>>> print(open('target25.txt').read())   # compact mmCIF, C-alpha atoms
# COMPACT_ATOMS: atom_id res chain seq x y z
CA MET A 760 -16.20 -20.52 5.00
CA THR A 761 -13.91 -17.62 4.20
CA ASP A 762 -10.15 -17.69 4.05
CA LEU A 763 -8.34 -14.43 4.61
CA LEU A 764 -4.84 -13.57 3.49
CA ALA A 765 -3.20 -10.45 4.88
CA ILE A 766 -0.42 -9.00 2.71
CA GLY A 767 1.87 -6.44 4.32
CA THR A 768 3.99 -4.42 1.92
CA ARG A 769 6.44 -1.57 1.89
CA LYS A 770 3.58 0.84 1.22
CA GLY A 771 0.42 -0.56 2.70
CA LEU A 772 -1.68 -3.59 3.54
CA TRP A 773 -3.94 -5.63 1.30
CA LEU A 774 -6.45 -8.26 2.35
CA ALA A 775 -7.39 -11.10 0.02
CA ARG A 776 -10.48 -13.26 0.58
CA SER A 777 -11.45 -16.62 -0.79
CA ASP A 778 -14.84 -18.25 -0.45
CA ASP A 779 -14.12 -21.32 -2.59
CA ASP A 780 -11.55 -23.25 -0.58
CA ARG A 781 -8.69 -20.97 -1.62
CA ARG A 782 -9.06 -21.46 -5.37
CA THR A 783 -9.80 -17.84 -6.26
CA TRP A 784 -9.15 -14.67 -4.34
CA THR A 785 -10.60 -11.18 -4.20
CA LEU A 786 -8.17 -8.44 -3.32
CA ASP A 787 -9.20 -5.59 -1.03
CA GLY A 788 -6.98 -2.58 -0.45
CA PRO A 789 -4.85 -0.69 -0.04
CA HIS A 790 -5.31 -0.26 3.67
CA LEU A 791 -2.86 1.87 5.63
CA LEU A 792 -1.67 3.30 2.33
CA ALA A 793 1.89 4.61 2.25
CA GLN A 794 2.73 2.97 5.55
CA GLU A 795 5.21 0.13 5.69
CA VAL A 796 3.62 -3.00 7.13
CA ALA A 797 6.43 -5.36 8.15
CA ALA A 798 4.33 -7.42 10.55
CA VAL A 799 0.74 -8.56 10.39
CA SER A 800 -1.39 -11.14 12.16
CA ILE A 801 -4.99 -12.28 12.08
CA ASP A 802 -6.25 -13.09 15.56
CA THR A 803 -9.23 -15.41 15.23
CA ARG A 804 -9.61 -15.99 18.96
CA LEU A 805 -11.80 -12.92 19.29
CA PRO A 806 -15.52 -12.77 18.43
CA ALA A 807 -14.58 -10.56 15.47
CA PRO A 808 -11.25 -11.38 13.82
CA ARG A 809 -8.64 -8.76 14.62
CA VAL A 810 -6.06 -7.76 12.05
CA LEU A 811 -2.98 -6.46 13.82
CA ALA A 812 -0.39 -4.55 11.84
CA GLY A 813 3.07 -3.42 12.81
CA ILE A 814 3.48 -0.27 10.80
CA GLN A 815 6.17 2.25 10.10
CA TYR A 816 4.82 5.66 9.20
CA GLY A 817 8.05 6.50 7.50
CA HIS A 818 8.81 9.96 8.76
CA TRP A 819 6.56 9.61 11.77
CA GLY A 820 7.78 6.44 13.43
CA PRO A 821 6.54 2.90 14.11
CA THR A 822 3.54 1.61 16.01
CA VAL A 823 0.93 -1.14 16.13
CA MET A 824 -2.54 -0.63 14.67
CA TRP A 825 -5.52 -2.93 14.65
CA SER A 826 -8.78 -3.39 12.84
CA ASP A 827 -11.76 -5.35 14.15
CA ASP A 828 -13.76 -4.92 10.95
CA LEU A 829 -11.34 -6.37 8.40
CA GLY A 830 -9.69 -3.12 7.51
CA THR A 831 -12.63 -0.74 7.32
CA THR A 832 -11.43 1.20 10.36
CA TRP A 833 -8.14 1.19 12.24
CA GLN A 834 -7.21 2.06 15.77
CA GLU A 835 -4.02 2.66 17.67
CA SER A 836 -3.22 3.25 21.30
CA GLU A 837 -2.98 6.89 22.22
CA HIS A 838 0.50 6.58 23.67
CA GLY A 839 1.69 3.81 21.34
CA ALA A 840 1.26 0.09 21.88
CA ILE A 841 5.01 -0.52 22.13
CA ARG A 842 7.21 1.94 23.94
CA PHE A 843 10.57 1.17 25.44
CA PRO A 844 10.61 1.97 29.15
CA GLU A 845 12.51 5.14 29.99
CA ASP A 846 15.32 3.34 31.81
CA THR A 847 16.30 1.42 28.67
CA GLY A 848 17.18 4.55 26.71
CA ALA A 849 15.95 2.75 23.60
CA ALA A 850 13.37 3.67 21.00
CA LEU A 851 11.25 1.34 18.91
CA ALA A 852 12.49 1.21 15.32
CA ARG A 853 10.24 -1.40 13.71
CA VAL A 854 7.77 -4.15 14.55
CA TRP A 855 8.82 -7.29 12.72
CA GLN A 856 6.51 -9.93 14.15
CA LEU A 857 3.08 -10.08 15.74
CA ARG A 858 2.10 -13.48 17.02
CA PRO A 859 -1.16 -14.26 18.83
CA ASP A 860 -0.67 -16.98 21.42
CA SER A 861 -2.93 -20.03 21.74
CA ALA A 862 -6.68 -20.09 22.33
CA ASP A 863 -5.98 -21.07 25.93
CA ARG A 864 -4.24 -17.73 26.45
CA PRO A 865 -6.83 -15.24 25.24
CA GLY A 866 -5.53 -11.77 24.76
CA VAL A 867 -1.89 -12.78 24.76
CA VAL A 868 -0.01 -11.52 21.72
CA TRP A 869 3.75 -11.49 21.25
CA ALA A 870 5.71 -8.92 19.30
CA GLY A 871 9.26 -9.19 18.01
CA CYS A 872 10.88 -5.85 17.37
CA GLU A 873 13.89 -3.82 16.34
CA PRO A 874 16.07 -3.11 18.24
CA HIS A 875 16.31 -6.70 19.48
CA SER A 876 13.38 -7.04 21.84
CA LEU A 877 10.44 -9.22 22.70
CA TRP A 878 7.12 -7.86 23.92
CA ARG A 879 4.03 -9.41 25.44
CA SER A 880 0.48 -8.10 25.32
CA THR A 881 -2.40 -9.37 27.42
CA ASP A 882 -5.05 -7.14 25.82
CA GLY A 883 -5.02 -8.43 22.28
CA GLY A 884 -2.24 -6.20 21.05
CA CYS A 885 -3.44 -2.80 22.25
CA SER A 886 -0.48 -2.49 24.63
CA PHE A 887 2.68 -4.48 25.20
CA ASP A 888 5.20 -4.93 27.98
CA LEU A 889 8.89 -5.43 27.34
CA VAL A 890 10.04 -8.95 28.20
CA ARG A 891 12.74 -7.95 30.61
CA GLY A 892 14.27 -11.39 30.85
CA LEU A 893 15.47 -11.13 27.27
CA HIS A 894 16.27 -7.43 27.42
CA ASP A 895 18.50 -8.00 30.45
CA HIS A 896 20.28 -10.99 28.92
CA PRO A 897 24.05 -10.48 29.10
CA HIS A 898 24.43 -11.42 25.44
CA ARG A 899 22.17 -8.62 24.20
CA PRO A 900 24.84 -5.91 23.81
CA THR A 901 26.75 -8.22 21.48
CA TRP A 902 23.87 -9.10 19.17
CA GLU A 903 24.55 -7.42 15.85
CA PRO A 904 22.13 -6.03 13.31
CA GLY A 905 21.70 -8.02 10.13
CA GLY A 906 21.00 -6.31 6.83
CA GLY A 907 17.42 -5.66 7.87
CA GLY A 908 18.37 -4.30 11.28
CA GLY A 909 18.86 -6.01 14.63
CA ALA A 910 15.55 -7.59 15.48
CA VAL A 911 13.59 -10.40 17.00
CA HIS A 912 11.74 -11.51 13.87
CA THR A 913 10.36 -14.90 14.88
CA VAL A 914 8.33 -15.70 17.99
CA LEU A 915 7.06 -19.23 18.59
CA PRO A 916 5.14 -19.75 21.84
CA ASP A 917 4.45 -23.39 22.67
CA PRO A 918 0.74 -23.76 23.41
CA ALA A 919 1.34 -26.72 25.72
CA SER A 920 4.04 -25.29 27.97
CA ASP A 921 5.79 -22.08 29.01
CA ARG A 922 8.39 -22.50 26.29
CA ILE A 923 8.98 -19.62 23.91
CA THR A 924 11.39 -19.88 21.01
CA ILE A 925 12.63 -16.78 19.27
CA ALA A 926 14.99 -16.11 16.39
CA MET A 927 17.04 -13.01 15.74
CA SER A 928 19.12 -11.52 12.99
CA THR A 929 21.67 -11.64 14.26
CA GLY A 930 21.80 -13.42 17.55
CA GLY A 931 20.38 -16.77 16.53
CA VAL A 932 17.87 -18.93 18.33
CA TYR A 933 17.08 -18.39 22.00
CA VAL A 934 14.65 -20.38 24.09
CA SER A 935 12.90 -19.67 27.37
CA GLU A 936 11.27 -22.54 29.24
CA ASP A 937 9.60 -20.32 31.83
CA GLY A 938 7.51 -17.90 29.84
CA GLY A 939 10.27 -15.40 29.20
CA GLU A 940 12.16 -14.98 32.46
CA LYS A 941 15.31 -16.89 31.59
CA TRP A 942 16.76 -17.37 28.12
CA GLU A 943 19.49 -19.51 26.66
CA PRO A 944 21.00 -19.63 23.19
CA ARG A 945 20.28 -22.84 21.30
CA ASN A 946 22.36 -22.73 18.16
CA ARG A 947 24.68 -25.72 18.42
CA GLY A 948 25.23 -27.02 14.92
CA ILE A 949 24.09 -23.87 13.10
CA THR A 950 27.04 -22.52 11.18
CA VAL A 951 28.08 -18.99 10.33
CA VAL A 952 30.12 -17.82 7.38
CA PHE A 953 30.64 -14.23 8.46
CA GLY A 954 32.86 -14.80 11.49
CA PRO A 955 36.08 -16.57 12.35
CA ASP A 956 34.33 -19.24 14.44
CA PRO A 957 31.99 -21.30 12.24
CA LEU A 958 30.10 -22.66 15.24
CA PRO A 959 29.68 -19.92 17.85
CA GLU A 960 27.42 -20.30 20.84
CA TYR A 961 25.27 -17.50 19.48
CA GLY A 962 25.36 -14.72 16.91
CA GLN A 963 23.99 -16.73 14.02
CA CYS A 964 21.92 -14.97 11.41
CA VAL A 965 18.90 -17.24 11.55
CA HIS A 966 16.36 -15.94 9.07
CA LYS A 967 13.33 -17.96 10.13
CA VAL A 968 12.32 -20.89 12.33
CA ALA A 969 9.21 -23.06 12.00
CA ILE A 970 7.86 -25.74 14.34
CA ASP A 971 6.99 -29.12 12.87
CA ALA A 972 3.49 -30.54 13.23
CA SER A 973 4.85 -33.52 15.16
CA GLY A 974 5.48 -31.42 18.25
CA PRO A 975 7.40 -28.50 19.64
CA ASP A 976 10.79 -30.22 19.91
CA ARG A 977 11.19 -30.56 16.16
CA MET A 978 11.91 -27.31 14.39
CA TYR A 979 13.34 -26.16 11.10
CA ALA A 980 15.61 -23.16 10.55
CA GLN A 981 16.50 -21.30 7.39
CA ASN A 982 19.84 -19.74 8.17
CA HIS A 983 22.02 -17.21 6.36
CA PHE A 984 23.43 -20.18 4.44
CA GLY A 985 22.21 -23.50 5.69
CA VAL A 986 18.91 -25.19 6.41
CA PHE A 987 18.77 -27.07 9.70
CA ARG A 988 16.53 -29.24 11.84
CA THR A 989 16.43 -29.86 15.53
CA ASP A 990 14.64 -32.74 17.22
CA ASP A 991 15.41 -31.60 20.75
CA ALA A 992 14.00 -28.09 20.96
CA GLY A 993 17.10 -26.45 19.61
CA VAL A 994 19.68 -28.11 21.87
CA SER A 995 21.36 -29.39 18.70
CA TRP A 996 20.80 -28.75 15.02
CA SER A 997 21.86 -30.69 11.95
CA SER A 998 21.86 -29.80 8.28
CA ILE A 999 18.94 -30.82 6.11
CA ALA A 1000 20.16 -28.93 3.08
CA GLY A 1001 21.66 -31.91 1.26
CA GLY A 1002 18.67 -32.29 -1.02
CA LEU A 1003 18.42 -28.62 -1.92
CA PRO A 1004 20.12 -27.02 -4.90
CA VAL A 1005 21.39 -24.16 -2.70
CA ASP A 1006 21.05 -23.49 0.99
CA PHE A 1007 20.53 -19.72 1.08
CA GLY A 1008 17.13 -18.18 1.54
CA PHE A 1009 15.01 -16.25 3.98
CA PRO A 1010 11.76 -17.97 4.99
CA ILE A 1011 10.92 -21.49 6.03
CA VAL A 1012 7.39 -22.69 6.59
CA SER A 1013 5.99 -25.87 8.07
CA SER A 1014 2.61 -27.52 7.86
CA PRO A 1015 0.69 -27.14 11.13
CA THR A 1016 -1.03 -30.47 10.54
CA THR A 1017 1.23 -32.81 8.53
CA PRO A 1018 4.37 -33.92 10.37
CA GLY A 1019 7.61 -33.74 8.44
CA THR A 1020 6.28 -31.29 5.87
CA ALA A 1021 7.99 -27.97 5.30
CA TRP A 1022 8.85 -25.58 2.48
CA VAL A 1023 11.70 -23.23 1.58
CA VAL A 1024 12.35 -20.76 -1.24
CA PRO A 1025 16.02 -21.13 -2.20
CA LEU A 1026 18.00 -18.15 -3.44
CA VAL A 1027 21.42 -18.38 -5.04
CA ALA A 1028 23.51 -16.80 -2.29
CA ASP A 1029 23.79 -13.79 -0.02
CA MET A 1030 25.65 -11.91 -2.74
CA GLN A 1031 23.06 -12.98 -5.33
CA ARG A 1032 19.67 -12.91 -3.66
CA VAL A 1033 17.61 -14.19 -6.58
CA PRO A 1034 16.17 -17.60 -7.46
CA LEU A 1035 18.37 -19.96 -9.46
CA ASP A 1036 18.25 -18.95 -13.12
CA GLY A 1037 15.50 -16.50 -12.21
CA ARG A 1038 12.98 -19.29 -11.77
CA LEU A 1039 10.91 -18.74 -8.63
CA ARG A 1040 10.50 -22.15 -7.04
CA VAL A 1041 9.40 -23.60 -3.74
CA HIS A 1042 11.01 -26.74 -2.40
CA ARG A 1043 9.02 -29.11 -0.21
CA THR A 1044 10.06 -31.87 2.11
CA ARG A 1045 7.74 -34.65 3.28
CA ASP A 1046 10.34 -36.33 5.47
CA ALA A 1047 11.60 -33.56 7.72
CA GLY A 1048 14.32 -32.48 5.37
CA GLU A 1049 15.82 -35.77 4.30
CA THR A 1050 14.67 -35.15 0.73
CA TRP A 1051 13.24 -32.15 -1.10
CA THR A 1052 11.07 -31.75 -4.18
CA GLU A 1053 11.08 -28.68 -6.43
CA LEU A 1054 7.61 -27.24 -7.05
CA GLY A 1055 6.84 -24.61 -9.62
CA GLU A 1056 3.46 -25.04 -11.30
CA GLY A 1057 2.01 -21.56 -11.45
CA LEU A 1058 5.20 -19.85 -10.32
CA PRO A 1059 7.03 -17.60 -12.76
CA ASP A 1060 10.24 -17.94 -14.73
CA ASP A 1061 12.26 -14.81 -15.37
CA ALA A 1062 11.45 -13.69 -11.84
CA TRP A 1063 14.59 -12.14 -10.42
CA VAL A 1064 13.05 -11.54 -7.05
CA ALA A 1065 13.62 -12.53 -3.46
CA VAL A 1066 11.07 -13.71 -0.93
CA MET A 1067 11.59 -12.06 2.44
CA ARG A 1068 11.70 -13.97 5.71
CA ASP A 1069 8.07 -13.29 6.69
CA ALA A 1070 6.61 -13.21 3.17
CA PHE A 1071 5.90 -16.93 3.15
CA CYS A 1072 3.30 -18.66 5.28
CA SER A 1073 1.07 -21.66 5.61
CA ASP A 1074 -2.52 -21.93 6.73
CA ALA A 1075 -4.41 -24.41 8.87
CA GLY A 1076 -6.47 -25.81 6.01
CA ASP A 1077 -6.67 -29.38 4.77
CA PRO A 1078 -4.63 -29.77 2.68
CA THR A 1079 -2.29 -27.09 3.94
CA GLY A 1080 -2.26 -23.89 1.93
CA ILE A 1081 0.94 -21.98 1.38
CA TYR A 1082 1.40 -18.37 0.28
CA VAL A 1083 4.42 -16.66 -1.28
CA GLY A 1084 4.92 -12.90 -1.56
CA THR A 1085 7.74 -11.42 -3.60
CA ARG A 1086 9.70 -8.23 -3.64
CA ASP A 1087 8.15 -7.31 -6.97
CA GLY A 1088 4.72 -7.24 -5.40
CA CYS A 1089 3.32 -10.58 -6.48
CA VAL A 1090 1.51 -13.02 -4.19
CA TYR A 1091 0.96 -16.66 -5.09
CA ALA A 1092 -1.34 -19.07 -3.25
CA SER A 1093 -1.42 -22.83 -3.22
CA ASN A 1094 -4.30 -24.81 -1.76
CA ASP A 1095 -2.60 -28.15 -2.39
CA GLU A 1096 0.58 -27.93 -0.32
CA GLY A 1097 2.58 -26.40 -3.13
CA ASP A 1098 1.71 -28.71 -5.99
CA SER A 1099 0.27 -25.73 -7.86
CA PHE A 1100 -0.02 -21.99 -7.37
CA THR A 1101 -2.40 -19.27 -8.48
CA LEU A 1102 -1.69 -15.56 -8.63
CA VAL A 1103 -3.49 -13.64 -5.91
CA ALA A 1104 -2.02 -10.21 -6.60
CA ASP A 1105 0.60 -8.49 -8.69
CA HIS A 1106 2.04 -4.99 -9.02
CA LEU A 1107 1.81 -4.38 -5.28
CA PRO A 1108 4.69 -2.74 -3.45
CA ASP A 1109 7.33 -5.21 -2.30
CA VAL A 1110 5.80 -7.80 0.00
CA LEU A 1111 7.22 -8.00 3.50
CA THR A 1112 4.79 -10.33 5.24
CA VAL A 1113 1.85 -12.62 4.52
CA LYS A 1114 -0.42 -14.31 7.03
CA ALA A 1115 -3.43 -16.55 6.36
CA ALA A 1116 -6.39 -17.55 8.49
CA THR A 1117 -9.75 -19.21 8.14
CA LEU A 1118 -12.40 -16.95 9.53
CA PRO A 1119 -14.74 -18.52 12.09
CA MET B 596 3.70 32.48 27.04
CA SER B 597 1.93 31.55 23.85
CA VAL B 598 3.41 29.68 20.89
CA GLN B 599 1.91 28.68 17.59
CA VAL B 600 2.82 25.30 16.10
CA LEU B 601 2.34 24.85 12.36
CA LEU B 602 1.67 21.28 11.24
CA PRO B 603 1.85 19.62 7.84
CA GLY B 604 -1.49 18.52 6.48
CA VAL B 605 -0.84 14.83 7.11
CA LEU B 606 -0.61 15.49 10.86
CA ALA B 607 -3.53 17.90 11.17
CA ALA B 608 -6.05 15.11 11.76
CA LEU B 609 -4.21 14.25 14.97
CA ALA B 610 -4.79 17.80 16.20
CA GLY B 611 -8.51 17.80 15.57
CA GLY B 612 -8.07 18.82 11.95
CA GLU B 613 -6.16 21.99 12.78
CA LYS B 614 -2.91 22.88 11.04
CA HIS B 615 -2.24 25.60 13.59
CA VAL B 616 -2.03 24.64 17.26
CA HIS B 617 -1.72 27.23 20.01
CA LEU B 618 0.17 26.09 23.09
CA GLU B 619 1.15 27.67 26.38
CA PRO B 620 4.23 25.73 27.47
CA ALA B 621 5.47 25.80 31.03
CA GLY B 622 9.04 26.62 29.97
CA ASP B 623 10.91 28.37 27.19
CA THR B 624 12.61 25.50 25.38
CA LEU B 625 11.54 23.35 22.47
CA ALA B 626 11.41 20.37 24.85
CA ASP B 627 8.94 22.25 27.04
CA LEU B 628 6.85 23.07 23.99
CA LEU B 629 6.80 19.47 22.77
CA ASP B 630 5.90 18.31 26.28
CA ALA B 631 2.92 20.66 26.17
CA LEU B 632 2.00 19.28 22.77
CA ALA B 633 2.21 15.71 24.12
CA ALA B 634 -0.11 16.58 26.98
CA GLU B 635 -2.76 17.84 24.58
CA HIS B 636 -2.20 15.58 21.59
CA PRO B 637 -0.18 12.49 22.57
CA MET B 638 -0.71 10.68 19.27
CA LEU B 639 0.52 13.70 17.37
CA ALA B 640 3.48 14.25 19.66
CA ARG B 641 4.85 10.75 19.18
CA ARG B 642 4.90 11.29 15.44
CA ILE B 643 7.40 14.02 16.13
CA ARG B 644 9.46 12.50 18.96
CA ASP B 645 10.27 8.92 19.88
CA GLU B 646 9.93 7.56 23.40
CA THR B 647 13.40 8.76 24.37
CA GLY B 648 12.23 12.30 23.65
CA GLN B 649 14.39 12.78 20.57
CA VAL B 650 12.96 14.38 17.46
CA ARG B 651 12.56 11.66 14.86
CA ARG B 652 15.26 11.44 12.25
CA PHE B 653 13.13 12.47 9.29
CA VAL B 654 11.17 15.18 11.05
CA ASN B 655 12.39 18.76 10.83
CA VAL B 656 11.42 21.40 13.37
CA TYR B 657 11.95 25.11 12.77
CA VAL B 658 11.71 27.76 15.47
CA ASP B 659 11.00 31.12 13.87
CA GLY B 660 12.42 29.72 10.65
CA ASP B 661 15.58 28.21 12.09
CA ASP B 662 16.20 24.45 11.90
CA VAL B 663 16.67 23.36 15.51
CA ARG B 664 19.25 20.77 14.46
CA PHE B 665 21.60 23.67 13.80
CA GLU B 666 20.49 25.56 16.87
CA GLY B 667 20.13 24.04 20.30
CA GLY B 668 18.11 20.95 19.46
CA LEU B 669 15.54 20.32 22.16
CA ALA B 670 17.17 23.04 24.25
CA THR B 671 16.48 25.65 21.57
CA LYS B 672 14.84 28.69 23.14
CA VAL B 673 11.28 29.39 22.14
CA ARG B 674 10.16 32.97 22.75
CA ASP B 675 6.69 34.18 23.59
CA GLY B 676 4.83 34.56 20.32
CA ALA B 677 7.16 32.25 18.41
CA GLU B 678 6.12 30.24 15.40
CA VAL B 679 7.30 26.63 15.39
CA GLN B 680 6.94 24.67 12.19
CA VAL B 681 7.01 20.88 11.85
CA LEU B 682 7.81 19.45 8.43
CA PRO B 683 8.69 16.02 7.05
CA SER B 684 12.19 15.96 5.62
CA VAL B 685 12.96 14.93 2.07
CA ALA B 686 13.37 11.18 2.49
CA GLY B 687 11.95 7.91 1.32
CA GLY B 688 11.46 6.16 -1.97
>>> encode(input="target25.txt", output="structure tokens")
Amino acid sequence: MTDLLAIGTRKGLWLARSDDDRRTWTLDGPHLLAQEVAAVSIDTRLPAPRVLAGIQYGHWGPTVMWSDDLGTTWQESEHGAIRFPEDTGAALARVWQLRPDSADRPGVVWAGCEPHSLWRSTDGGCSFDLVRGLHDHPHRPTWEPGGGGGAVHTVLPDPASDRITIAMSTGGVYVSEDGGEKWEPRNRGITVVFGPDPLPEYGQCVHKVAIDASGPDRMYAQNHFGVFRTDDAGVSWSSIAGGLPVDFGFPIVSSPTTPGTAWVVPLVADMQRVPLDGRLRVHRTRDAGETWTELGEGLPDDAWVAVMRDAFCSDAGDPTGIYVGTRDGCVYASNDEGDSFTLVADHLPDVLTVKAATLP
Amino acid sequence: MSVQVLLPGVLAALAGGEKHVHLEPAGDTLADLLDALAAEHPMLARRIRDETGQVRRFVNVYVDGDDVRFEGGLATKVRDGAEVQVLPSVAGG
């Protein structure tokens, strides 16, 4: 059995493979050298695993590319996989998220993009259609760009229903219960510190959302200050940051198999986006955020680096593996739910996204 | 009319390996020329313009040596026999 870890960086993509239950890794790359890879996914629903990459050519614009031979060759659609329709007057700036849907929906892939937009593909990511229901939402003109640009950066389709949950910086959490036609903000209880109203209906700078293994109604959110949990599909959120040393950070990751288990990477604050005392640490909860445990075996001290919102992921292994990529180009892997980490790569360009999969 | 487009090396592969592309646009503006380029080499053309038709921010286009940003933009006139050069701007890190 082979585990694959895709590492998207500011200047290319690397693929790491492990054939010994994620204990050691072999790094392969760079692929797509000199291109920014802010989104990557590994679609294992196809006969050959497809690596999808949302790339930014720098001078030459963004697009989606894919490889069906683990990076040996890459393809892109002639006219671009993601193109805003003419009537929108908009142009794609960056692809921030590529999310294959469930095995029951073969070919369906979601993309979250900048400017704020959600896209749906039915051909495995070769071409996407704009989700008009979100684009036409009356709130859209008032969504603001966060520091990384105004984007849909998290897309969470529910495999058992037509529910889709998205998160935006800024904009907050929005949910559709009908596959993307109608959308409503679900941010009650998520606070903001950058506006006069601490509890607006929407406009939060939610950095990442993860669904708990217990079911789709329980989710976790790492906010721009604040870590929150909902038990009712986002209708209301409450703080679970009490057991954390600080509540700022970018990513949050859950276990796909162990209910109540999630991880964050705390940073000091928005004006000091580094780990406390320069010690890179992951914090894990086993009880849905009631308590947290600091984990650091194999993680560095004197590491004044941030972990970006998509540079942290879990896998579907048993026990759950978690993977951390840093802005100084290091990637750490844990095959024991964070109890210990090993270095997969260092001296890469700054890591923007990591995604793991077990190859069939 | 006939126009020659000069490409940087990194884009030549999208024009069949050629750094010089000869086009016969239907009209006499830069927009007409880039439309003709898109018809022949769509993957190349979208490196130069986004889907709204605008020249990308960090792409510079020169018509007979003049930067079109300081001329007429996409409405810049392109004469028969003109030489149009595409270059990446100085940007990045």
>>> interface_residues(input="target25.txt", of="chain A", to="chain B", cutoff="7 Å", atoms="all atoms listed in the file", output="list in words")
His818, Trp819, Gly820, Glu837, His838, Arg842, Phe843, Glu845, Gly848, Ala849 and Ala850 of chain A
>>> atom_distance(input="target25.txt", atom1="atom CA of Gln599 of chain B", atom2="atom CA of Val658 of chain B")
10.1 Å
>>> residues_around(input="target25.txt", residues="Val681 of chain B", least_positions_apart="5", cutoff="8 Å", atoms="all atoms listed in the file", output="number ranges by chain")
B: 600-603, 654-657
>>> closest_residue(input="target25.txt", among="A:Gly938, A:Gly907, A:Gly931, A:Pro897", to="Val965 of chain A", atoms="all atoms listed in the file")
A:Gly931
>>> closest_residue(input="target25.txt", among="A:Val1110, A:Ala1047, A:Met824, A:Ala765", to="Ile801 of chain A", atoms="all atoms listed in the file")
A:Ala765
>>> residues_near_point(input="target25.txt", point="(14.7, -17.3, -13.0)", cutoff="12 Å", atoms="only C-alpha atoms", output="ChimeraX atom specification")
/A:1025-1027,1032-1040,1055,1058-1065
>>> residues_around(input="target25.txt", residues="Tyr979 of chain A", least_positions_apart="2", cutoff="8 Å", atoms="only C-alpha atoms", output="list in words")
Val968, Ala969, Ile970, Asp971, Arg977, Gln981, Val986, Phe987, Arg988, Thr989, Ile1011 and Ser1013 of chain A
>>> atom_distance(input="target25.txt", atom1="atom CA of Asp802 of chain A", atom2="atom CA of Leu609 of chain B")
27.4 Å
>>> atom_distance(input="target25.txt", atom1="atom CA of Cys872 of chain A", atom2="atom CA of Phe887 of chain A")
11.4 Å
>>> closest_residue(input="target25.txt", among="A:Gln1031, A:Gln834, A:Ser1073, A:Thr1085", to="Leu764 of chain A", atoms="all atoms listed in the file")
A:Ser1073
>>> residues_around(input="target25.txt", residues="Ala626 of chain B", least_positions_apart="5", cutoff="10 Å", atoms="all atoms listed in the file", output="list in words")
Pro620, Ala631, Leu632, Gly648, Gln649, Val650, Gly668, Leu669, Ala670, Thr671, Lys672 and Val673 of chain B
>>> residues_around(input="target25.txt", residues="Trp825 of chain A", least_positions_apart="6", cutoff="7 Å", atoms="all atoms listed in the file", output="ChimeraX atom specification")
/A:809-812,833-835
>>> decode(input="target25.txt", residues="segment 922-933 of chain A", atoms="N, CA and C atoms", output="compact mmCIF listing (two decimals), in the first residue's frame")
# COMPACT_ATOMS: atom_id res chain seq x y z
N ARG A 922 -26.18 18.97 0.96
CA ARG A 922 -25.60 20.09 1.69
C ARG A 922 -24.16 20.35 1.24
N ILE A 923 -23.86 21.61 1.08
CA ILE A 923 -22.49 22.05 0.81
C ILE A 923 -22.18 23.17 1.79
N THR A 924 -21.09 23.06 2.48
CA THR A 924 -20.63 24.10 3.38
C THR A 924 -19.38 24.72 2.78
N ILE A 925 -19.34 26.04 2.78
CA ILE A 925 -18.15 26.73 2.30
C ILE A 925 -17.70 27.73 3.35
N ALA A 926 -16.43 28.12 3.27
CA ALA A 926 -15.92 29.19 4.12
C ALA A 926 -15.11 30.15 3.26
N MET A 927 -15.22 31.43 3.65
CA MET A 927 -14.60 32.48 2.86
C MET A 927 -13.86 33.46 3.76
N SER A 928 -12.78 33.97 3.21
CA SER A 928 -12.08 35.09 3.85
C SER A 928 -12.19 36.29 2.91
N THR A 929 -12.94 37.30 3.31
CA THR A 929 -13.87 37.25 4.40
C THR A 929 -15.26 37.01 3.82
N GLY A 930 -16.19 36.81 4.71
CA GLY A 930 -17.53 36.42 4.30
C GLY A 930 -18.08 35.47 5.34
N GLY A 931 -17.24 34.54 5.76
CA GLY A 931 -17.63 33.59 6.80
C GLY A 931 -18.09 32.28 6.21
N VAL A 932 -18.96 31.62 6.96
CA VAL A 932 -19.47 30.31 6.59
C VAL A 932 -20.83 30.47 5.93
N TYR A 933 -21.00 29.83 4.79
CA TYR A 933 -22.29 29.78 4.11
C TYR A 933 -22.62 28.32 3.83
